[in-house]
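First up is the structure itself, then whatever we jot down about it.
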Amino acid sequence: MNIRFDNQVAIVTGAGAGLGRQHALAFAARGAKVVVNDFGANRDGSGGSSEAALAVVEEIKQAGGTAIANGANVADLAQVQAMVAQTLEAFGRIDILVNNAGILRDKSFHKIEMSDFDAVLGVHLMGSVNCSKAVWDTMRAQNYGRIVMTTSAAGLYGNFGQTNYGAAKAALVGLMNVLHQEGQKNNIRINTLAPLAATRMTMELLPPAVQEALKPERVTPGVLFLCSENAPSKTILSAGGGAFAAATIMEAAPFYIKDADLTPECIAENFAKISDWSTAQPYESADQEIQRFVQTVLKG
């Protein structure tokens with residue numbers, strides 16, 4: 001199976017450097033017309049310049065591909081809507097959206113300012129919402145679309161000093177779960193990448209040997225797979241250094257307690273059974289989880 005994107009149009013946000021740049025180059029190399037979006041901000045979201053996006057567009061053109069640059073701030077819905085209008089005017093369709101743009105403002109929770117929270121959620125969460133909303137009607141009309149969110153181990157599992165970032169990244173999994181259900185009938189598949197890569201957002205945390213092993217280009221094949229015609233949907237794919245692992249949210253089987261024993265002490269006494277992961281399973285929808293609870297309760 002040869003994965004190609006000929007005659008398809010891909011928007012990649014935060015594509016002026018790091019992971020986004022690699023994603024954009026790879027889509028173009030496999031035939032896609034690419035919109036290279038980058039606000040050109042510093043790592044904390046300050047500033048702004050179109051130079052990075054224009055440089056990636058030039059790289060793509062020099063390699064024989066097709067691309068245009070866009071400087072929208074994904075946290076600004078009006079700018080995102082203008083980006084989508086520009087894309088449709090230039091290429092007539094939108095097949096792929098990779099929500100990659102992000103910033104960092106790391107501080108422990110007792111030191112963090114709420115403005116740092118607002119800024120990080122604005123780019124990671126609302127930026128992904130804005131972009132997904134702006135392309136949604138086009139993808140529905142086409143009966144085709146592929147959207148990738150970008151989460152993180154910090155959101156899936158936690159990381160000290162990243163309450164704002166972790167909260168935003170975890171929220172993107174919830175966004176994926178619901179959009180997966182709403183997009184199914186129109187062949188819109190939604191997945192989430194959890195990348196581990198040496199970029200300007202992680203350089204300070206990684207020693208040189210690890211930076212070399214975790215080049216961004218070793219993550220990008222996972223994005224191409226998640227955006228392919230035969231891609232899964234509602235999948236979390238962890239990726240780093242050429243290694244890949246699917247992740248999921250699971251829940252142990254419900255443990256029923258009769259009213260006569262329904263106390264916190266009884267929960268404590270039976271917590272080993274309540275948290276018995278050998279009974280765990282993922283759910284396709286909230287309805288499945290609710291049904292399992294209701295069946296357990298009615299049986300009890």
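To be explicit about the labels: the chains of the structure tokens are called A, B, and onward in the order shown, and within each one the residues are counted from 1, while ligands get numbers from 1 in the order they are shown.
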Inset, instruction - For Tyr157 (chain A), work out the shell of residues within 12 Å, counting only C-alpha atoms and skipping chain neighbours fewer than 6 positions away, then give it as a list in words. - result: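 Non-adjacent residues within range: Thr151, Thr163, Tyr165, Gly166, Ala167, Lys169, Ala170, Ala194, Ala247, Thr248 and Ile249 of chain A.
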Just N, CA, C and O atoms for this one: save the residues we selected as an mmCIF file, in the first residue's frame.
```cif
data_model
loop_
_atom_site.group_PDB
_atom_site.id
_atom_site.type_symbol
_atom_site.label_atom_id
_atom_site.label_comp_id
_atom_site.auth_asym_id
_atom_site.auth_seq_id
_atom_site.Cartn_x
_atom_site.Cartn_y
_atom_site.Cartn_z
ATOM 1 N N THR A 151 -1.933 15.906 20.908
ATOM 2 C CA THR A 151 -1.941 15.866 22.367
ATOM 3 C C THR A 151 -0.509 15.682 22.863
ATOM 4 O O THR A 151 0.457 15.938 22.141
ATOM 5 N N THR A 163 0.331 22.478 34.084
ATOM 6 C CA THR A 163 -1.115 22.361 34.280
ATOM 7 C C THR A 163 -1.888 22.933 33.103
ATOM 8 O O THR A 163 -2.877 22.336 32.653
ATOM 9 N N TYR A 165 -0.817 23.440 29.913
ATOM 10 C CA TYR A 165 -0.533 22.629 28.728
ATOM 11 C C TYR A 165 -1.202 21.254 28.829
ATOM 12 O O TYR A 165 -1.845 20.781 27.890
ATOM 13 N N GLY A 166 -1.075 20.616 29.988
ATOM 14 C CA GLY A 166 -1.669 19.299 30.179
ATOM 15 C C GLY A 166 -3.186 19.331 30.075
ATOM 16 O O GLY A 166 -3.796 18.430 29.489
ATOM 17 N N ALA A 167 -3.812 20.361 30.653
ATOM 18 C CA ALA A 167 -5.264 20.481 30.575
ATOM 19 C C ALA A 167 -5.725 20.647 29.137
ATOM 20 O O ALA A 167 -6.705 20.028 28.699
ATOM 21 N N LYS A 169 -4.099 19.725 26.405
ATOM 22 C CA LYS A 169 -3.815 18.522 25.622
ATOM 23 C C LYS A 169 -4.785 17.394 25.942
ATOM 24 O O LYS A 169 -5.164 16.606 25.063
ATOM 25 N N ALA A 170 -5.198 17.273 27.202
ATOM 26 C CA ALA A 170 -6.191 16.256 27.550
ATOM 27 C C ALA A 170 -7.543 16.594 26.925
ATOM 28 O O ALA A 170 -8.270 15.699 26.467
ATOM 29 N N ALA A 194 0.256 11.914 19.711
ATOM 30 C CA ALA A 194 0.969 12.282 20.945
ATOM 31 C C ALA A 194 2.459 12.185 20.650
ATOM 32 O O ALA A 194 3.071 11.130 20.845
ATOM 33 N N ALA A 247 -2.661 4.400 22.126
ATOM 34 C CA ALA A 247 -3.079 4.632 23.509
ATOM 35 C C ALA A 247 -4.599 4.710 23.552
ATOM 36 O O ALA A 247 -5.238 5.033 22.548
ATOM 37 N N THR A 248 -5.179 4.417 24.709
ATOM 38 C CA THR A 248 -6.628 4.490 24.825
ATOM 39 C C THR A 248 -7.033 4.796 26.263
ATOM 40 O O THR A 248 -6.230 4.652 27.190
ATOM 41 N N ILE A 249 -8.278 5.204 26.432
ATOM 42 C CA ILE A 249 -8.872 5.385 27.762
ATOM 43 C C ILE A 249 -9.687 4.137 28.059
ATOM 44 O O ILE A 249 -10.522 3.728 27.241
#
```
Legend entry - Filtered DSSP result for region 29-270 of chain A, state helix (DSSP H, G or I), as a PyMOL selection string: chain A and resi 29+51-62+77-91+114-142+153-156+163-186+203-205+208-213+216-218+220-226+259-261+264-269
Leaving out Lys61 (chain A) and any residue of its chain fewer than 3 positions from it, which residues lie within 12 Å of it when counting only C-alpha atoms, given as a PDB file with N, CA and C atoms, in the first residue's frame?
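Contents of part_0.pdb, freshly written:
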```
ATOM      1  N   ALA A  24       4.456  19.317   6.913  1.00  0.00           N
ATOM      2  CA  ALA A  24       4.156  20.027   5.670  1.00  0.00           C
ATOM      3  C   ALA A  24       5.023  19.524   4.522  1.00  0.00           C
ATOM      4  N   LEU A  25       6.314  19.363   4.770  1.00  0.00           N
ATOM      5  CA  LEU A  25       7.224  18.874   3.734  1.00  0.00           C
ATOM      6  C   LEU A  25       6.831  17.472   3.271  1.00  0.00           C
ATOM      7  N   ALA A  28       3.620  17.449   1.109  1.00  0.00           N
ATOM      8  CA  ALA A  28       3.925  17.960  -0.230  1.00  0.00           C
ATOM      9  C   ALA A  28       4.693  16.934  -1.050  1.00  0.00           C
ATOM     10  N   ALA A  29       5.629  16.237  -0.412  1.00  0.00           N
ATOM     11  CA  ALA A  29       6.427  15.232  -1.113  1.00  0.00           C
ATOM     12  C   ALA A  29       5.575  14.081  -1.621  1.00  0.00           C
ATOM     13  N   GLY A  31       2.452  14.508  -2.712  1.00  0.00           N
ATOM     14  CA  GLY A  31       1.481  14.981  -3.688  1.00  0.00           C
ATOM     15  C   GLY A  31       0.463  15.992  -3.232  1.00  0.00           C
ATOM     16  N   LYS A  33      -1.248  19.498  -1.958  1.00  0.00           N
ATOM     17  CA  LYS A  33      -1.069  20.952  -1.951  1.00  0.00           C
ATOM     18  C   LYS A  33      -1.180  21.384  -0.495  1.00  0.00           C
ATOM     19  N   VAL A  34      -0.223  22.156  -0.035  1.00  0.00           N
ATOM     20  CA  VAL A  34      -0.114  22.399   1.411  1.00  0.00           C
ATOM     21  C   VAL A  34      -0.265  23.876   1.742  1.00  0.00           C
ATOM     22  N   VAL A  36       0.822  26.194   4.539  1.00  0.00           N
ATOM     23  CA  VAL A  36       1.778  26.259   5.640  1.00  0.00           C
ATOM     24  C   VAL A  36       1.371  27.409   6.550  1.00  0.00           C
ATOM     25  N   LEU A  54       6.962  31.289   5.104  1.00  0.00           N
ATOM     26  CA  LEU A  54       7.406  31.547   3.731  1.00  0.00           C
ATOM     27  C   LEU A  54       8.619  30.700   3.381  1.00  0.00           C
ATOM     28  N   ALA A  55       9.501  30.470   4.355  1.00  0.00           N
ATOM     29  CA  ALA A  55      10.692  29.655   4.109  1.00  0.00           C
ATOM     30  C   ALA A  55      10.317  28.208   3.818  1.00  0.00           C
ATOM     31  N   VAL A  56       9.314  27.690   4.544  1.00  0.00           N
ATOM     32  CA  VAL A  56       8.873  26.309   4.307  1.00  0.00           C
ATOM     33  C   VAL A  56       8.189  26.198   2.951  1.00  0.00           C
ATOM     34  N   VAL A  57       7.397  27.187   2.591  1.00  0.00           N
ATOM     35  CA  VAL A  57       6.769  27.195   1.271  1.00  0.00           C
ATOM     36  C   VAL A  57       7.835  27.164   0.177  1.00  0.00           C
ATOM     37  N   GLU A  58       8.888  27.930   0.359  1.00  0.00           N
ATOM     38  CA  GLU A  58       9.960  27.947  -0.628  1.00  0.00           C
ATOM     39  C   GLU A  58      10.641  26.583  -0.720  1.00  0.00           C
ATOM     40  N   GLY A  64       9.602  20.921  -5.981  1.00  0.00           N
ATOM     41  CA  GLY A  64       8.618  20.619  -7.013  1.00  0.00           C
ATOM     42  C   GLY A  64       7.190  20.527  -6.522  1.00  0.00           C
ATOM     43  N   GLY A  65       6.951  20.901  -5.279  1.00  0.00           N
ATOM     44  CA  GLY A  65       5.609  20.811  -4.716  1.00  0.00           C
ATOM     45  C   GLY A  65       4.849  22.121  -4.814  1.00  0.00           C
ATOM     46  N   THR A  66       3.628  22.102  -4.275  1.00  0.00           N
ATOM     47  CA  THR A  66       2.736  23.258  -4.305  1.00  0.00           C
ATOM     48  C   THR A  66       2.362  23.641  -2.888  1.00  0.00           C
ATOM     49  N   ALA A  67       2.531  24.921  -2.560  1.00  0.00           N
ATOM     50  CA  ALA A  67       2.220  25.366  -1.205  1.00  0.00           C
ATOM     51  C   ALA A  67       1.995  26.869  -1.177  1.00  0.00           C
ATOM     52  N   ILE A  68       1.228  27.299  -0.192  1.00  0.00           N
ATOM     53  CA  ILE A  68       1.061  28.716   0.087  1.00  0.00           C
ATOM     54  C   ILE A  68       1.257  28.928   1.577  1.00  0.00           C
ATOM     55  N   ALA A  69       1.636  30.130   1.959  1.00  0.00           N
ATOM     56  CA  ALA A  69       1.856  30.469   3.361  1.00  0.00           C
ATOM     57  C   ALA A  69       0.643  31.194   3.920  1.00  0.00           C
TER      58      ALA A  69
END
```
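Nearest-residue note for Arg146 (chain A): choosing from A:Gln184, A:Gln86, A:Ser285, A:Thr13, the minimum distance belongs to A:Gln184, counting only C-alpha atoms.
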Legend entry - Selection: 9 Å around Ala134 (chain A), only C-alpha atoms, excl. self and same-chain fewer than 2 positions, as a PyMOL selection string: chain A and resi 77+80-81+83-84+129-132+136-138
Output all heavy atoms for every residue in that selection, as a JSON list (two decimals), in the first residue's frame.
```
[["chain", "number", "residue", "atom", "x", "y", "z"],
["A", 77, "LEU", "N", -10.52, 33.26, 15.76],
["A", 77, "LEU", "CA", -11.44, 32.59, 14.83],
["A", 77, "LEU", "C", -11.55, 33.33, 13.51],
["A", 77, "LEU", "O", -11.59, 32.70, 12.44],
["A", 77, "LEU", "CB", -12.82, 32.44, 15.47],
["A", 77, "LEU", "CG", -13.89, 31.78, 14.60],
["A", 77, "LEU", "CD1", -13.47, 30.39, 14.16],
["A", 77, "LEU", "CD2", -15.23, 31.73, 15.32],
["A", 80, "VAL", "N", -8.64, 32.52, 11.38],
["A", 80, "VAL", "CA", -8.73, 31.14, 10.91],
["A", 80, "VAL", "C", -9.73, 31.03, 9.76],
["A", 80, "VAL", "O", -9.48, 30.35, 8.75],
["A", 80, "VAL", "CB", -9.13, 30.20, 12.07],
["A", 80, "VAL", "CG1", -9.48, 28.82, 11.54],
["A", 80, "VAL", "CG2", -7.98, 30.11, 13.08],
["A", 81, "GLN", "N", -10.87, 31.69, 9.91],
["A", 81, "GLN", "CA", -11.87, 31.67, 8.83],
["A", 81, "GLN", "C", -11.30, 32.29, 7.55],
["A", 81, "GLN", "O", -11.57, 31.78, 6.44],
["A", 81, "GLN", "CB", -13.12, 32.41, 9.28],
["A", 81, "GLN", "CG", -13.89, 31.68, 10.37],
["A", 81, "GLN", "CD", -15.00, 32.51, 10.98],
["A", 81, "GLN", "OE1", -14.92, 33.74, 11.02],
["A", 81, "GLN", "NE2", -16.04, 31.85, 11.48],
["A", 83, "MET", "N", -8.14, 32.19, 6.73],
["A", 83, "MET", "CA", -7.20, 31.19, 6.21],
["A", 83, "MET", "C", -7.94, 30.14, 5.39],
["A", 83, "MET", "O", -7.48, 29.73, 4.31],
["A", 83, "MET", "CB", -6.45, 30.53, 7.37],
["A", 83, "MET", "CG", -5.58, 29.35, 6.95],
["A", 83, "MET", "SD", -4.69, 28.56, 8.33],
["A", 83, "MET", "CE", -6.06, 27.82, 9.25],
["A", 84, "VAL", "N", -9.06, 29.68, 5.89],
["A", 84, "VAL", "CA", -9.84, 28.67, 5.17],
["A", 84, "VAL", "C", -10.38, 29.24, 3.87],
["A", 84, "VAL", "O", -10.36, 28.57, 2.82],
["A", 84, "VAL", "CB", -10.98, 28.14, 6.07],
["A", 84, "VAL", "CG1", -11.98, 27.31, 5.28],
["A", 84, "VAL", "CG2", -10.38, 27.31, 7.20],
["A", 129, "VAL", "N", -10.08, 23.88, 18.01],
["A", 129, "VAL", "CA", -11.53, 24.01, 17.81],
["A", 129, "VAL", "C", -11.80, 24.96, 16.65],
["A", 129, "VAL", "O", -12.61, 24.66, 15.75],
["A", 129, "VAL", "CB", -12.20, 24.54, 19.09],
["A", 129, "VAL", "CG1", -13.68, 24.88, 18.83],
["A", 129, "VAL", "CG2", -12.10, 23.51, 20.21],
["A", 130, "ASN", "N", -11.15, 26.12, 16.64],
["A", 130, "ASN", "CA", -11.37, 27.11, 15.59],
["A", 130, "ASN", "C", -11.09, 26.54, 14.20],
["A", 130, "ASN", "O", -11.88, 26.70, 13.27],
["A", 130, "ASN", "CB", -10.49, 28.34, 15.82],
["A", 130, "ASN", "CG", -10.93, 29.16, 17.01],
["A", 130, "ASN", "OD1", -12.06, 29.07, 17.47],
["A", 130, "ASN", "ND2", -10.02, 29.97, 17.54],
["A", 131, "CYS", "N", -9.94, 25.88, 14.07],
["A", 131, "CYS", "CA", -9.56, 25.35, 12.77],
["A", 131, "CYS", "C", -10.48, 24.21, 12.33],
["A", 131, "CYS", "O", -10.90, 24.14, 11.17],
["A", 131, "CYS", "CB", -8.10, 24.87, 12.79],
["A", 131, "CYS", "SG", -6.90, 26.20, 12.98],
["A", 132, "SER", "N", -10.82, 23.33, 13.26],
["A", 132, "SER", "CA", -11.71, 22.22, 12.93],
["A", 132, "SER", "C", -13.10, 22.73, 12.55],
["A", 132, "SER", "O", -13.71, 22.24, 11.59],
["A", 132, "SER", "CB", -11.80, 21.25, 14.12],
["A", 132, "SER", "OG", -10.52, 20.73, 14.44],
["A", 136, "TRP", "N", -15.01, 22.29, 8.87],
["A", 136, "TRP", "CA", -15.99, 21.22, 9.06],
["A", 136, "TRP", "C", -17.04, 21.16, 7.95],
["A", 136, "TRP", "O", -17.32, 20.09, 7.39],
["A", 136, "TRP", "CB", -16.66, 21.38, 10.42],
["A", 136, "TRP", "CG", -17.40, 20.16, 10.90],
["A", 136, "TRP", "CD1", -18.76, 20.00, 10.99],
["A", 136, "TRP", "CD2", -16.83, 18.92, 11.37],
["A", 136, "TRP", "NE1", -19.07, 18.75, 11.48],
["A", 136, "TRP", "CE2", -17.90, 18.07, 11.73],
["A", 136, "TRP", "CE3", -15.52, 18.47, 11.53],
["A", 136, "TRP", "CZ2", -17.70, 16.79, 12.23],
["A", 136, "TRP", "CZ3", -15.32, 17.19, 12.03],
["A", 136, "TRP", "CH2", -16.39, 16.36, 12.37],
["A", 137, "ASP", "N", -17.65, 22.30, 7.63],
["A", 137, "ASP", "CA", -18.70, 22.30, 6.62],
["A", 137, "ASP", "C", -18.17, 21.90, 5.26],
["A", 137, "ASP", "O", -18.85, 21.21, 4.49],
["A", 137, "ASP", "CB", -19.36, 23.68, 6.54],
["A", 137, "ASP", "CG", -20.28, 23.96, 7.73],
["A", 137, "ASP", "OD1", -20.58, 23.01, 8.48],
["A", 137, "ASP", "OD2", -20.69, 25.12, 7.90],
["A", 138, "THR", "N", -16.95, 22.31, 4.94],
["A", 138, "THR", "CA", -16.34, 21.92, 3.67],
["A", 138, "THR", "C", -16.15, 20.41, 3.62],
["A", 138, "THR", "O", -16.47, 19.76, 2.61],
["A", 138, "THR", "CB", -14.98, 22.63, 3.48],
["A", 138, "THR", "OG1", -15.21, 24.04, 3.39],
["A", 138, "THR", "CG2", -14.28, 22.15, 2.23]]
```
Inset, instruction - Could you check which of A:Leu262, A:Leu88, A:Ile257, A:Ile112 is closest to Gly300 (chain A), using only C-alpha atoms? - result: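 Of A:Leu262, A:Leu88, A:Ile257, A:Ile112, the one nearest Gly300 (chain A) is A:Ile257, counting only C-alpha atoms.
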Legend entry - Residue among A:Val74, A:Val12, A:Ala198, A:Leu193 lying closest to Ala245 (chain A), counting only C-alpha atoms: A:Leu193
Inset, instruction - Might you pull out every residue within 12 Å of Ala141 (chain A), with only C-alpha atoms counted and same-chain residues fewer than 2 positions away left off, and present them as a ChimeraX atom specification? - result: /A:93-95,135-139,143-145,183,185-188
Legend entry - Which of region 36-264 of chain A DSSP labels strand (DSSP E or B), written as a count of residues only: 38
Legend entry - Nearby residues (only C-alpha atoms) at most 7 Å from Tyr256 (chain A), same-chain spacing under 2 positions excluded, as a PyMOL selection string: chain A and resi 254+258+296-297+300
Using 6 Å as the limit and counting only C-alpha atoms, can you tabulate each residue of region 99-207 of chain A that touches region 239-244 of chain A, with its shortest atom-to-atom distance in Å and the two atoms involved, as a Markdown table?
```
| residue | atom | partner | partner_atom | distance |
| --- | --- | --- | --- | --- |
| A:Pro195 | CA | A:Ala239 | CA | 4.8 |
| A:Leu196 | CA | A:Gly240 | CA | 4.5 |
| A:Ala197 | CA | A:Gly240 | CA | 5.9 |
```
Inset, instruction - Have a look at A:Asn164, A:Asn7, A:Thr192, A:Asn177 and name the one nearest to Asn99 (chain A); count only C-alpha atoms. - result: A:Thr192
Report as a PDB file with C-alpha atoms, in the first residue's frame all protein, DNA and RNA residues lying within 9 Å of Gln162 (chain A), evaluated on only C-alpha atoms, omitting residues in the same chain fewer than 6 positions from it.
```pdb
ATOM      1  CA  LEU A 104       4.437  26.798  26.189  1.00  0.00           C
ATOM      2  CA  ARG A 105       4.205  28.829  29.382  1.00  0.00           C
ATOM      3  CA  ASP A 106       5.396  26.335  31.983  1.00  0.00           C
ATOM      4  CA  LYS A 107       5.080  27.191  35.668  1.00  0.00           C
ATOM      5  CA  SER A 108       4.076  25.235  38.738  1.00  0.00           C
ATOM      6  CA  PHE A 109       0.402  25.718  39.605  1.00  0.00           C
ATOM      7  CA  ALA A 154       1.676  15.712  29.680  1.00  0.00           C
ATOM      8  CA  GLY A 155      -2.049  15.637  28.946  1.00  0.00           C
TER       9      GLY A 155
END
```
Legend entry - Residue nearest Gly127 (chain A) among A:Thr150, A:Ser115, A:Thr87, A:Asn73 (counting only C-alpha atoms): A:Asn73
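CA of Lys234 (chain A) is positioned 9.8 Å from CA of Val148 (chain A).
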Legend entry - Minimum-distance residue to Asn37 (chain A), chosen among A:Ala15, A:Ala168, A:Thr279, A:Gly20 (using only C-alpha atoms):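 The answer is A:Ala15, which sits nearest to Asn37 (chain A).
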